$ cat coords-v4.cif   # mmCIF, C-alpha atoms and all ligand atoms
data_query
#
loop_
_atom_site.group_PDB
_atom_site.id
_atom_site.type_symbol
_atom_site.label_atom_id
_atom_site.label_comp_id
_atom_site.auth_asym_id
_atom_site.auth_seq_id
_atom_site.Cartn_x
_atom_site.Cartn_y
_atom_site.Cartn_z
ATOM 1 C CA MET A 1 9.376 32.301 -30.108
ATOM 2 C CA ALA A 2 9.646 29.363 -27.713
ATOM 3 C CA ALA A 3 8.192 29.689 -24.220
ATOM 4 C CA GLN A 4 10.253 30.651 -21.211
ATOM 5 C CA ILE A 5 10.742 27.694 -18.913
ATOM 6 C CA ILE A 6 9.518 28.134 -15.334
ATOM 7 C CA ASP A 7 12.298 26.491 -13.364
ATOM 8 C CA GLY A 8 10.428 24.994 -10.397
ATOM 9 C CA LYS A 9 13.535 23.199 -9.219
ATOM 10 C CA ALA A 10 15.477 26.459 -8.903
ATOM 11 C CA ILE A 11 12.588 28.369 -7.299
ATOM 12 C CA ALA A 12 11.999 25.518 -4.834
ATOM 13 C CA ALA A 13 15.712 25.460 -3.985
ATOM 14 C CA PHE A 14 15.539 29.185 -3.279
ATOM 15 C CA VAL A 15 12.494 28.752 -0.982
ATOM 16 C CA ARG A 16 14.130 25.830 0.833
ATOM 17 C CA GLU A 17 17.329 27.803 1.357
ATOM 18 C CA ASP A 18 15.308 30.734 2.673
ATOM 19 C CA ILE A 19 13.542 28.485 5.211
ATOM 20 C CA LYS A 20 16.843 26.891 6.198
ATOM 21 C CA THR A 21 18.290 30.308 7.049
ATOM 22 C CA GLN A 22 15.273 31.061 9.265
ATOM 23 C CA VAL A 23 15.297 27.812 11.265
ATOM 24 C CA PRO A 24 18.141 28.808 13.661
ATOM 25 C CA GLY A 25 16.141 31.926 14.555
ATOM 26 C CA LEU A 26 13.136 29.752 15.359
ATOM 27 C CA ARG A 27 15.279 27.505 17.559
ATOM 28 C CA GLU A 28 16.549 30.557 19.407
ATOM 29 C CA LYS A 29 13.085 32.014 19.846
ATOM 30 C CA TYR A 30 11.170 28.852 20.774
ATOM 31 C CA GLY A 31 13.853 26.501 22.093
ATOM 32 C CA ARG A 32 13.348 23.891 19.387
ATOM 33 C CA VAL A 33 12.875 23.504 15.655
ATOM 34 C CA PRO A 34 9.651 22.595 13.795
ATOM 35 C CA CYS A 35 8.902 18.864 13.724
ATOM 36 C CA LEU A 36 7.083 17.086 10.913
ATOM 37 C CA CYS A 37 5.713 13.552 11.295
ATOM 38 C CA VAL A 38 5.147 11.656 8.085
ATOM 39 C CA ILE A 39 3.051 8.488 8.137
ATOM 40 C CA ILE A 40 3.158 5.985 5.304
ATOM 41 C CA VAL A 41 1.011 2.868 5.171
ATOM 42 C CA GLY A 42 2.014 -0.052 2.983
ATOM 43 C CA GLU A 43 4.473 -0.410 0.144
ATOM 44 C CA ASN A 44 3.217 1.808 -2.693
ATOM 45 C CA PRO A 45 6.500 2.489 -4.562
ATOM 46 C CA ALA A 46 5.570 6.030 -5.679
ATOM 47 C CA SER A 47 4.437 6.939 -2.151
ATOM 48 C CA LYS A 48 7.704 5.618 -0.740
ATOM 49 C CA VAL A 49 9.695 7.906 -3.063
ATOM 50 C CA TYR A 50 7.537 10.944 -2.232
ATOM 51 C CA VAL A 51 7.826 10.291 1.495
ATOM 52 C CA ARG A 52 11.582 9.801 1.338
ATOM 53 C CA ASN A 53 11.915 13.127 -0.489
ATOM 54 C CA LYS A 54 9.724 14.890 2.094
ATOM 55 C CA VAL A 55 11.754 13.540 5.008
ATOM 56 C CA LYS A 56 15.057 14.417 3.325
ATOM 57 C CA ALA A 57 13.925 17.966 2.521
ATOM 58 C CA THR A 58 12.708 18.516 6.093
ATOM 59 C CA GLU A 59 16.057 17.439 7.501
ATOM 60 C CA GLU A 60 18.008 19.481 4.966
ATOM 61 C CA ALA A 61 16.084 22.561 6.102
ATOM 62 C CA GLY A 62 17.310 21.889 9.647
ATOM 63 C CA MET A 63 13.895 20.823 10.908
ATOM 64 C CA GLU A 64 13.042 17.623 12.767
ATOM 65 C CA SER A 65 11.474 14.807 10.842
ATOM 66 C CA ARG A 66 9.879 11.604 12.041
ATOM 67 C CA LEU A 67 8.929 8.867 9.612
ATOM 68 C CA LEU A 68 6.365 6.313 10.748
ATOM 69 C CA ALA A 69 6.063 3.408 8.319
ATOM 70 C CA LEU A 70 3.089 1.145 9.022
ATOM 71 C CA PRO A 71 2.297 -2.199 7.411
ATOM 72 C CA GLU A 72 -0.460 -2.479 4.803
ATOM 73 C CA SER A 73 -2.367 -4.598 7.340
ATOM 74 C CA VAL A 74 -2.655 -1.825 9.943
ATOM 75 C CA SER A 75 -6.256 -1.266 10.992
ATOM 76 C CA GLU A 76 -8.074 2.043 10.711
ATOM 77 C CA GLU A 77 -8.439 2.003 14.471
ATOM 78 C CA GLU A 78 -4.676 1.633 15.013
ATOM 79 C CA LEU A 79 -3.925 4.427 12.564
ATOM 80 C CA LEU A 80 -6.460 6.725 14.245
ATOM 81 C CA ALA A 81 -4.943 5.900 17.635
ATOM 82 C CA LEU A 82 -1.469 6.824 16.358
ATOM 83 C CA ILE A 83 -2.769 10.132 15.009
ATOM 84 C CA GLY A 84 -4.403 10.788 18.380
ATOM 85 C CA LYS A 85 -1.050 10.290 20.081
ATOM 86 C CA LEU A 86 0.716 12.626 17.658
ATOM 87 C CA ASN A 87 -2.027 15.241 18.091
ATOM 88 C CA ALA A 88 -1.386 15.176 21.839
ATOM 89 C CA ASP A 89 2.409 15.341 21.437
ATOM 90 C CA ASP A 90 3.475 18.959 21.946
ATOM 91 C CA GLY A 91 6.770 18.262 20.184
ATOM 92 C CA VAL A 92 4.979 17.494 16.901
ATOM 93 C CA ASP A 93 3.964 20.470 14.751
ATOM 94 C CA GLY A 94 2.915 18.822 11.513
ATOM 95 C CA ILE A 95 1.300 15.478 10.687
ATOM 96 C CA LEU A 96 1.165 14.206 7.129
ATOM 97 C CA VAL A 97 -0.478 10.931 6.164
ATOM 98 C CA GLN A 98 0.681 9.970 2.687
ATOM 99 C CA LEU A 99 -2.204 9.168 0.344
ATOM 100 C CA PRO A 100 -3.547 6.912 -1.043
ATOM 101 C CA LEU A 101 -4.306 4.667 1.921
ATOM 102 C CA PRO A 102 -5.219 0.972 1.604
ATOM 103 C CA LYS A 103 -8.851 0.317 0.669
ATOM 104 C CA HIS A 104 -9.892 -0.853 4.156
ATOM 105 C CA ILE A 105 -9.064 2.564 5.648
ATOM 106 C CA ASP A 106 -11.404 5.544 5.309
ATOM 107 C CA GLU A 107 -9.198 8.411 4.090
ATOM 108 C CA ASP A 108 -11.647 11.150 5.056
ATOM 109 C CA LYS A 109 -11.857 9.825 8.592
ATOM 110 C CA VAL A 110 -8.054 9.720 8.871
ATOM 111 C CA ILE A 111 -7.518 13.212 7.446
ATOM 112 C CA ASP A 112 -10.149 14.709 9.728
ATOM 113 C CA ALA A 113 -8.598 12.989 12.739
ATOM 114 C CA ILE A 114 -5.463 15.101 12.317
ATOM 115 C CA SER A 115 -5.535 18.122 14.584
ATOM 116 C CA VAL A 116 -6.446 21.053 12.316
ATOM 117 C CA ASP A 117 -3.478 23.083 13.576
ATOM 118 C CA LYS A 118 -1.074 20.259 12.592
ATOM 119 C CA ASP A 119 -2.611 19.639 9.169
ATOM 120 C CA VAL A 120 0.407 20.566 7.017
ATOM 121 C CA ASP A 121 -1.326 19.225 3.880
ATOM 122 C CA GLY A 122 -4.320 21.520 4.359
ATOM 123 C CA PHE A 123 -6.630 18.568 3.625
ATOM 124 C CA HIS A 124 -8.673 18.660 6.872
ATOM 125 C CA VAL A 125 -12.315 19.535 6.279
ATOM 126 C CA LEU A 126 -11.938 22.678 8.410
ATOM 127 C CA ASN A 127 -8.914 23.842 6.413
ATOM 128 C CA VAL A 128 -10.729 23.159 3.146
ATOM 129 C CA GLY A 129 -13.767 25.078 4.406
ATOM 130 C CA SER A 130 -11.656 27.958 5.663
ATOM 131 C CA LEU A 131 -9.900 28.249 2.296
ATOM 132 C CA GLN A 132 -13.255 28.422 0.529
ATOM 133 C CA LEU A 133 -14.535 31.041 2.956
ATOM 134 C CA GLY A 134 -11.389 33.161 2.717
ATOM 135 C CA ARG A 135 -10.506 32.572 6.349
ATOM 136 C CA HIS A 136 -7.063 31.897 7.777
ATOM 137 C CA CYS A 137 -6.019 28.366 6.838
ATOM 138 C CA ILE A 138 -3.185 26.105 5.837
ATOM 139 C CA VAL A 139 -3.118 26.213 2.038
ATOM 140 C CA PRO A 140 -2.478 22.802 0.370
ATOM 141 C CA CYS A 141 1.110 22.436 -0.812
ATOM 142 C CA THR A 142 0.717 21.863 -4.557
ATOM 143 C CA PRO A 143 -1.765 24.722 -5.167
ATOM 144 C CA LYS A 144 0.381 27.022 -3.006
ATOM 145 C CA GLY A 145 3.448 26.046 -5.069
ATOM 146 C CA ILE A 146 1.569 26.681 -8.311
ATOM 147 C CA MET A 147 0.690 30.217 -7.172
ATOM 148 C CA CYS A 148 4.334 30.784 -6.315
ATOM 149 C CA LEU A 149 5.372 29.677 -9.829
ATOM 150 C CA LEU A 150 2.762 31.967 -11.393
ATOM 151 C CA THR A 151 4.016 34.908 -9.317
ATOM 152 C CA SER A 152 7.570 34.179 -10.468
ATOM 153 C CA THR A 153 6.580 34.880 -14.089
ATOM 154 C CA GLY A 154 5.439 38.410 -13.277
ATOM 155 C CA VAL A 155 2.369 37.836 -15.478
ATOM 156 C CA PRO A 156 -0.581 39.631 -13.832
ATOM 157 C CA LEU A 157 -3.404 37.358 -12.679
ATOM 158 C CA ASN A 158 -5.754 40.249 -12.034
ATOM 159 C CA GLY A 159 -8.518 40.037 -14.634
ATOM 160 C CA CYS A 160 -6.912 37.231 -16.624
ATOM 161 C CA ASN A 161 -8.748 34.169 -17.889
ATOM 162 C CA ALA A 162 -7.539 31.161 -15.920
ATOM 163 C CA VAL A 163 -8.548 27.642 -16.862
ATOM 164 C CA VAL A 164 -7.957 24.762 -14.475
ATOM 165 C CA VAL A 165 -8.256 21.313 -16.056
ATOM 166 C CA GLY A 166 -9.015 18.826 -13.276
ATOM 167 C CA ARG A 167 -11.261 19.065 -10.240
ATOM 168 C CA SER A 168 -9.474 17.042 -7.567
ATOM 169 C CA ASN A 169 -9.655 18.008 -3.909
ATOM 170 C CA ILE A 170 -5.838 18.107 -3.733
ATOM 171 C CA VAL A 171 -5.141 20.382 -6.722
ATOM 172 C CA GLY A 172 -7.981 21.426 -9.047
ATOM 173 C CA LYS A 173 -10.516 22.776 -6.566
ATOM 174 C CA PRO A 174 -8.100 24.600 -4.234
ATOM 175 C CA VAL A 175 -6.011 26.131 -7.045
ATOM 176 C CA ALA A 176 -9.225 27.407 -8.672
ATOM 177 C CA LYS A 177 -10.066 29.189 -5.402
ATOM 178 C CA LEU A 178 -6.573 30.674 -5.098
ATOM 179 C CA LEU A 179 -6.780 31.968 -8.685
ATOM 180 C CA LEU A 180 -10.181 33.452 -7.903
ATOM 181 C CA ASP A 181 -8.681 35.153 -4.845
ATOM 182 C CA ALA A 182 -6.036 36.607 -7.185
ATOM 183 C CA ASN A 183 -8.883 38.129 -9.244
ATOM 184 C CA ALA A 184 -8.614 35.774 -12.197
ATOM 185 C CA THR A 185 -11.777 34.753 -14.045
ATOM 186 C CA VAL A 186 -11.689 31.036 -13.422
ATOM 187 C CA THR A 187 -13.075 28.148 -15.438
ATOM 188 C CA VAL A 188 -12.769 24.606 -14.126
ATOM 189 C CA ALA A 189 -12.740 22.014 -16.887
ATOM 190 C CA HIS A 190 -12.653 18.240 -16.443
ATOM 191 C CA SER A 191 -13.006 14.870 -18.141
ATOM 192 C CA ARG A 192 -16.623 15.571 -19.153
ATOM 193 C CA THR A 193 -15.980 19.056 -20.535
ATOM 194 C CA ALA A 194 -17.278 19.355 -24.094
ATOM 195 C CA ASP A 195 -14.686 20.623 -26.591
ATOM 196 C CA LEU A 196 -11.895 20.977 -24.071
ATOM 197 C CA GLY A 197 -9.668 22.717 -26.634
ATOM 198 C CA ALA A 198 -12.176 25.528 -27.111
ATOM 199 C CA VAL A 199 -12.102 26.118 -23.350
ATOM 200 C CA THR A 200 -8.324 25.877 -22.884
ATOM 201 C CA ARG A 201 -7.648 28.152 -25.873
ATOM 202 C CA ARG A 202 -9.261 31.002 -23.937
ATOM 203 C CA ALA A 203 -6.801 30.615 -21.074
ATOM 204 C CA ASP A 204 -4.172 33.239 -20.325
ATOM 205 C CA VAL A 205 -3.217 30.926 -17.464
ATOM 206 C CA LEU A 206 -3.697 27.194 -17.932
ATOM 207 C CA VAL A 207 -3.255 24.779 -15.016
ATOM 208 C CA VAL A 208 -3.512 21.106 -15.936
ATOM 209 C CA ALA A 209 -3.931 18.493 -13.203
ATOM 210 C CA VAL A 210 -5.613 15.459 -14.683
ATOM 211 C CA GLY A 211 -3.072 12.633 -14.842
ATOM 212 C CA ARG A 212 -3.290 11.927 -18.566
ATOM 213 C CA GLU A 213 -0.177 12.008 -20.714
ATOM 214 C CA SER A 214 -0.197 14.639 -23.497
ATOM 215 C CA LEU A 215 -3.823 15.638 -22.881
ATOM 216 C CA ILE A 216 -2.959 19.211 -23.786
ATOM 217 C CA THR A 217 -1.475 19.713 -27.235
ATOM 218 C CA ALA A 218 -0.185 22.871 -28.938
ATOM 219 C CA ASP A 219 -3.462 23.519 -30.779
ATOM 220 C CA MET A 220 -5.264 23.751 -27.401
ATOM 221 C CA VAL A 221 -3.106 26.584 -26.060
ATOM 222 C CA LYS A 222 -3.467 30.336 -26.546
ATOM 223 C CA PRO A 223 -0.256 31.923 -27.871
ATOM 224 C CA GLY A 224 1.703 33.469 -24.987
ATOM 225 C CA ALA A 225 -0.251 31.642 -22.245
ATOM 226 C CA VAL A 226 1.282 30.547 -18.960
ATOM 227 C CA VAL A 227 1.022 26.753 -18.786
ATOM 228 C CA ILE A 228 1.408 24.905 -15.484
ATOM 229 C CA ASP A 229 1.652 21.132 -15.809
ATOM 230 C CA VAL A 230 0.818 19.252 -12.604
ATOM 231 C CA GLY A 231 0.762 15.823 -14.263
ATOM 232 C CA MET A 232 3.097 13.039 -13.147
ATOM 233 C CA ASN A 233 2.668 10.172 -15.575
ATOM 234 C CA ARG A 234 4.930 7.365 -16.751
ATOM 235 C CA ASN A 235 4.990 7.063 -20.540
ATOM 236 C CA ALA A 236 5.424 3.837 -22.520
ATOM 237 C CA GLU A 237 9.210 3.982 -21.995
ATOM 238 C CA GLY A 238 8.748 4.473 -18.250
ATOM 239 C CA LYS A 239 9.829 8.117 -18.451
ATOM 240 C CA LEU A 240 8.176 10.683 -16.152
ATOM 241 C CA CYS A 241 5.992 13.064 -18.155
ATOM 242 C CA GLY A 242 3.231 15.556 -17.543
ATOM 243 C CA ASP A 243 -0.284 16.135 -18.882
ATOM 244 C CA VAL A 244 1.019 18.644 -21.433
ATOM 245 C CA ASP A 245 2.824 17.807 -24.665
ATOM 246 C CA PHE A 246 5.841 19.872 -23.607
ATOM 247 C CA GLU A 247 7.716 19.843 -26.944
ATOM 248 C CA GLY A 248 4.708 21.038 -28.923
ATOM 249 C CA VAL A 249 3.218 23.442 -26.381
ATOM 250 C CA LYS A 250 6.489 25.212 -25.620
ATOM 251 C CA GLU A 251 6.422 26.568 -29.189
ATOM 252 C CA VAL A 252 3.084 28.303 -28.508
ATOM 253 C CA ALA A 253 3.017 29.199 -24.811
ATOM 254 C CA GLY A 254 4.707 32.220 -23.246
ATOM 255 C CA TRP A 255 5.731 30.297 -20.126
ATOM 256 C CA ILE A 256 5.699 26.601 -19.304
ATOM 257 C CA THR A 257 6.679 24.289 -16.449
ATOM 258 C CA PRO A 258 8.669 21.158 -17.302
ATOM 259 C CA VAL A 259 8.008 17.691 -15.873
ATOM 260 C CA PRO A 260 10.052 16.817 -13.932
ATOM 261 C CA GLY A 261 11.435 20.028 -12.436
ATOM 262 C CA GLY A 262 8.288 22.170 -12.419
ATOM 263 C CA VAL A 263 5.470 21.793 -9.918
ATOM 264 C CA GLY A 264 6.853 18.689 -8.129
ATOM 265 C CA PRO A 265 9.757 20.365 -6.313
ATOM 266 C CA MET A 266 7.474 23.236 -5.280
ATOM 267 C CA THR A 267 5.118 20.876 -3.437
ATOM 268 C CA ILE A 268 7.936 19.840 -1.124
ATOM 269 C CA ALA A 269 9.148 23.412 -0.625
ATOM 270 C CA MET A 270 5.611 24.464 0.358
ATOM 271 C CA LEU A 271 5.352 21.515 2.749
ATOM 272 C CA LEU A 272 8.353 22.936 4.597
ATOM 273 C CA LYS A 273 6.712 26.366 4.623
ATOM 274 C CA ASN A 274 3.493 24.871 5.984
ATOM 275 C CA THR A 275 5.409 22.973 8.664
ATOM 276 C CA ALA A 276 7.090 26.186 9.785
ATOM 277 C CA GLU A 277 3.736 27.966 9.661
ATOM 278 C CA CYS A 278 2.020 25.329 11.823
ATOM 279 C CA PHE A 279 4.929 25.552 14.276
ATOM 280 C CA GLU A 280 4.615 29.317 14.476
ATOM 281 C CA ASN A 281 0.834 29.238 14.745
ATOM 282 C CA ARG A 282 1.110 26.810 17.634
ATOM 283 C CA LEU A 283 4.025 28.336 19.518
ATOM 284 C CA GLY A 284 3.502 32.005 18.947
ATOM 285 C CA ASN A 285 1.466 34.355 16.944
ATOM 286 C CA CYS A 286 4.110 36.012 14.854
ATOM 287 C CA ASN A 287 4.749 35.361 11.198
ATOM 288 C CA ASP A 288 8.469 34.957 10.661
ATOM 289 C CA ILE A 289 7.813 32.447 7.882
ATOM 290 C CA ILE A 290 4.634 32.541 5.867
HETATM 291 N N1 LIG B 1 -0.433 11.857 -2.310
HETATM 292 C C1 LIG B 1 -0.247 12.548 -3.472
HETATM 293 N N2 LIG B 1 -0.048 13.852 -3.203
HETATM 294 C C2 LIG B 1 -0.120 13.996 -1.864
HETATM 295 C C3 LIG B 1 0.016 15.112 -0.993
HETATM 296 O O1 LIG B 1 0.225 16.254 -1.407
HETATM 297 N N3 LIG B 1 -0.104 14.836 0.334
HETATM 298 C C4 LIG B 1 -0.353 13.587 0.810
HETATM 299 N N4 LIG B 1 -0.477 13.430 2.126
HETATM 300 N N5 LIG B 1 -0.484 12.532 0.017
HETATM 301 C C5 LIG B 1 -0.361 12.747 -1.309
#

$ encode --input "coords-v4.cif" --output "structure tokens" --more "lines below"
Ligand code: GUN
Amino acid sequence: MAAQIIDGKAIAAFVREDIKTQVPGLREKYGRVPCLCVIIVGENPASKVYVRNKVKATEEAGMESRLLALPESVSEEELLALIGKLNADDGVDGILVQLPLPKHIDEDKVIDAISVDKDVDGFHVLNVGSLQLGRHCIVPCTPKGIMCLLTSTGVPLNGCNAVVVGRSNIVGKPVAKLLLDANATVTVAHSRTADLGAVTRRADVLVVAVGRESLITADMVKPGAVVIDVGMNRNAEGKLCGDVDFEGVKEVAGWITPVPGGVGPMTIAMLLKNTAECFENRLGNCNDII
């Protein structure tokens, strides 16, 4: 039997609608709505699309959005100065610097310059550390969205074998920690893993975030597994595709996310959640939206 499709687009739409209905209440309670500042440096076409989608989603949720587009030539010093100004601006609740940055700018330095309570991406070293220690933190958007998709299947994570393929700071490492927190037995595989198929075939839950088209084929998947494809690749025809051979794997898996329409839309929905959470953390200590 073919896998059930995890409709990330529909789940994200539901989350976004839910946030939208809560924004008027926030305005009433705090006198303004959450404000997200998005900074983009240079002309990377993919980054421009992502940023446009983030701004549009923020506005559609009824929140304030500010887009700051800087030229490729901007210096690290100028960018840090801008972040300093936004940190000090009480009307700004979230600051997101779209990555990657041009080579002459130190990404770590920029991320860590963002005030930890405005770090909607959850990339700041203190947020990363807090996540690892199980302390209160802003959870990075894509891993948070993946957990939401897994919950939507109703498949229990408690005691399951979860395999994460990929060890990036943005997805692989944080999602492994979130799966561990959900009591999964977690294996992190990567480009140097010997006999990747033998590892992935043990997975009840398989999360793939590598950036290589069709890395995961049907023979590498346990029958009935939940497969989450975080890949965003362009194939030879220029079509967007994931890291999983969707057509083959859907005949084996129990659940699978499509690309597009799986993890991608969830990242944006979680960004809105994180923006509302930063707003609430800053302005009050209640948890209307978490
Ligand atoms: N570039 C690719 N993904 C992301 C993300 O989630 N946040 C930021 N800031 N940049 C990215």

$ resolve_selection --input "coords-v4.cif" --expression "the PyMOL selection byres (((not hetatm)) within 6 of (chain B and resi 1))" --output "PDB file with C-alpha atoms, in the coordinates of the input"
ATOM      1  CA  LEU A  96       1.165  14.206   7.129  1.00  0.00           C
ATOM      2  CA  VAL A  97      -0.478  10.931   6.164  1.00  0.00           C
ATOM      3  CA  GLN A  98       0.681   9.970   2.687  1.00  0.00           C
ATOM      4  CA  LEU A  99      -2.204   9.168   0.344  1.00  0.00           C
ATOM      5  CA  PRO A 100      -3.547   6.912  -1.043  1.00  0.00           C
ATOM      6  CA  ASP A 121      -1.326  19.225   3.880  1.00  0.00           C
TER       7      ASP A 121
END

$ residues_around --input "coords-v4.cif" --residues "Val128 (chain A)" --least-positions-apart "3" --cutoff "12 Å" --atoms "only C-alpha atoms" --output "list in words"
Ile111, Asp112, Val116, Asp119, Asp121, Gly122, Phe123, His124, Val125, Leu131, Gln132, Leu133, Gly134, Arg135, His136, Cys137, Ile138, Val139, Pro140, Asn169, Ile170, Val171, Lys173, Pro174, Val175, Lys177 and Leu178 of chain A

$ residues_near_point --input "coords-v4.cif" --point "(11.3, 25.1, -28.6)" --cutoff "9 Å" --atoms "all atoms listed in the file" --output "list in words"
Met1, Ala2, Ala3, Glu247, Gly248, Val249, Lys250, Glu251 and Val252 of chain A

$ closest_residue --input "coords-v4.cif" --among "A:Thr200, A:Thr217, A:Gly264, A:Pro102" --to "Lys144 (chain A)" --atoms "all atoms listed in the file"
A:Gly264

$ resolve_selection --input "coords-v4.cif" --expression "the PyMOL selection byres (((chain A and resi 117) around 10) and not hetatm)" --output "PyMOL selection string"
chain A and resi 87+93-95+114-116+118-120+122+124+126-127+137-138+277-279+281-282

$ resolve_selection --input "coords-v4.cif" --expression "the PyMOL selection byres (((chain A and resi 37-42) around 9) and not hetatm)" --output "VMD selection string"
chain A and resid 35 to 36 43 to 44 47 to 48 51 54 to 55 64 to 74 86 92 to 102

$ closest_residue --input "coords-v4.cif" --among "A:Asp7, A:Asp219, A:Asp90, A:Glu76" --to "Leu283 (chain A)" --atoms "only C-alpha atoms"
A:Asp90

$ closest_residue --input "coords-v4.cif" --among "A:Gly211, A:Gly197, A:Gly62, A:Gly224" --to "Ser168 (chain A)" --atoms "all atoms listed in the file"
A:Gly211

$ atom_distance --input "coords-v4.cif" --atom1 "CA of Thr185 (chain A)" --atom2 "CA of Val163 (chain A)"
8.3 Å

$ closest_residue --input "coords-v4.cif" --among "A:Cys141, A:Ala182, A:Ala88, A:Ile216" --to "Asn161 (chain A)" --atoms "only C-alpha atoms"
A:Ala182

$ atom_distance --input "coords-v4.cif" --atom1 "CA of Pro24 (chain A)" --atom2 "CA of Val49 (chain A)"
28.1 Å

$ closest_residue --input "coords-v4.cif" --among "A:Leu82, A:Ala184, A:Leu271, A:Leu149" --to "Ala162 (chain A)" --atoms "only C-alpha atoms"
A:Ala184

$ atom_distance --input "coords-v4.cif" --atom1 "CA of Gly261 (chain A)" --atom2 "CA of Ala10 (chain A)"
8.4 Å

$ axis_aligned_box --input "coords-v4.cif" --around "region 51-58 of chain A" --padding-each-side "5 Å" --output "AutoDock Vina command-line options"
--center_x 11.4 --center_y 14.2 --center_z 2.8 --size_x 17.2 --size_y 18.7 --size_z 16.6

$ closest_residue --input "coords-v4.cif" --among "A:Lys85, A:Ala203, A:Ala61, A:Thr275" --to "Phe14 (chain A)" --atoms "all atoms listed in the file"
A:Ala61

$ residues_around --input "coords-v4.cif" --residues "Leu215 (chain A)" --least-positions-apart "5" --cutoff "9 Å" --atoms "only C-alpha atoms" --output "MDAnalysis selection string"
chainID A and resid 208 210 242:245

$ residues_around --input "coords-v4.cif" --residues "Val165 (chain A)" --least-positions-apart "2" --cutoff "6 Å" --atoms "only C-alpha atoms" --output "list in words"
Val188, Ala189, His190, Val208 and Ala209 of chain A

$ write_last_selection --input "coords-v4.cif" --atoms "C-alpha atoms" --output "compact mmCIF listing (two decimals), in the frame of the given file"
# COMPACT_ATOMS: atom_id res chain seq x y z
CA VAL A 188 -12.77 24.61 -14.13
CA ALA A 189 -12.74 22.01 -16.89
CA HIS A 190 -12.65 18.24 -16.44
CA VAL A 208 -3.51 21.11 -15.94
CA ALA A 209 -3.93 18.49 -13.20

$ residues_around --input "coords-v4.cif" --residues "Ile11 (chain A)" --least-positions-apart "3" --cutoff "10 Å" --atoms "only C-alpha atoms" --output "JSON, numbers by chain"
{"A": [6, 7, 8, 14, 15, 16, 17, 145, 148, 149, 152, 261, 262, 265, 266, 269]}

$ write_last_selection --input "coords-v4.cif" --atoms "C-alpha atoms" --output "short mmCIF file (atom, residue, chain, number, x, y, z; two decimals), keeping the file's coordinate frame"
data_model
loop_
_atom_site.label_atom_id
_atom_site.label_comp_id
_atom_site.auth_asym_id
_atom_site.auth_seq_id
_atom_site.Cartn_x
_atom_site.Cartn_y
_atom_site.Cartn_z
CA ILE A 6 9.52 28.13 -15.33
CA ASP A 7 12.30 26.49 -13.36
CA GLY A 8 10.43 24.99 -10.40
CA PHE A 14 15.54 29.18 -3.28
CA VAL A 15 12.49 28.75 -0.98
CA ARG A 16 14.13 25.83 0.83
CA GLU A 17 17.33 27.80 1.36
CA GLY A 145 3.45 26.05 -5.07
CA CYS A 148 4.33 30.78 -6.32
CA LEU A 149 5.37 29.68 -9.83
CA SER A 152 7.57 34.18 -10.47
CA GLY A 261 11.44 20.03 -12.44
CA GLY A 262 8.29 22.17 -12.42
CA PRO A 265 9.76 20.36 -6.31
CA MET A 266 7.47 23.24 -5.28
CA ALA A 269 9.15 23.41 -0.62
#

$ build_atoms --input "coords-v4.cif" --residues "region 178-185 of chain A" --atoms "N, CA, C and O atoms" --output "PDB file, keeping the file's coordinate frame"
ATOM      1  N   LEU A 178      -7.698  29.747  -5.248  1.00  0.00           N
ATOM      2  CA  LEU A 178      -6.573  30.674  -5.098  1.00  0.00           C
ATOM      3  C   LEU A 178      -6.487  31.626  -6.301  1.00  0.00           C
ATOM      4  O   LEU A 178      -6.179  32.814  -6.142  1.00  0.00           O
ATOM      5  N   LEU A 179      -6.780  31.113  -7.485  1.00  0.00           N
ATOM      6  CA  LEU A 179      -6.780  31.968  -8.685  1.00  0.00           C
ATOM      7  C   LEU A 179      -7.912  32.987  -8.610  1.00  0.00           C
ATOM      8  O   LEU A 179      -7.740  34.153  -8.989  1.00  0.00           O
ATOM      9  N   LEU A 180      -9.049  32.547  -8.096  1.00  0.00           N
ATOM     10  CA  LEU A 180     -10.181  33.452  -7.903  1.00  0.00           C
ATOM     11  C   LEU A 180      -9.802  34.563  -6.914  1.00  0.00           C
ATOM     12  O   LEU A 180     -10.092  35.743  -7.137  1.00  0.00           O
ATOM     13  N   ASP A 181      -9.127  34.172  -5.839  1.00  0.00           N
ATOM     14  CA  ASP A 181      -8.681  35.153  -4.845  1.00  0.00           C
ATOM     15  C   ASP A 181      -7.695  36.158  -5.453  1.00  0.00           C
ATOM     16  O   ASP A 181      -7.538  37.266  -4.948  1.00  0.00           O
ATOM     17  N   ALA A 182      -6.985  35.712  -6.513  1.00  0.00           N
ATOM     18  CA  ALA A 182      -6.036  36.607  -7.185  1.00  0.00           C
ATOM     19  C   ALA A 182      -6.725  37.402  -8.293  1.00  0.00           C
ATOM     20  O   ALA A 182      -6.067  38.010  -9.142  1.00  0.00           O
ATOM     21  N   ASN A 183      -8.056  37.365  -8.296  1.00  0.00           N
ATOM     22  CA  ASN A 183      -8.883  38.129  -9.244  1.00  0.00           C
ATOM     23  C   ASN A 183      -8.832  37.634 -10.684  1.00  0.00           C
ATOM     24  O   ASN A 183      -9.080  38.415 -11.619  1.00  0.00           O
ATOM     25  N   ALA A 184      -8.487  36.361 -10.860  1.00  0.00           N
ATOM     26  CA  ALA A 184      -8.614  35.774 -12.197  1.00  0.00           C
ATOM     27  C   ALA A 184     -10.075  35.391 -12.419  1.00  0.00           C
ATOM     28  O   ALA A 184     -10.818  35.179 -11.462  1.00  0.00           O
ATOM     29  N   THR A 185     -10.463  35.314 -13.692  1.00  0.00           N
ATOM     30  CA  THR A 185     -11.777  34.753 -14.045  1.00  0.00           C
ATOM     31  C   THR A 185     -11.529  33.277 -14.302  1.00  0.00           C
ATOM     32  O   THR A 185     -10.799  32.918 -15.227  1.00  0.00           O
TER      33      THR A 185
END
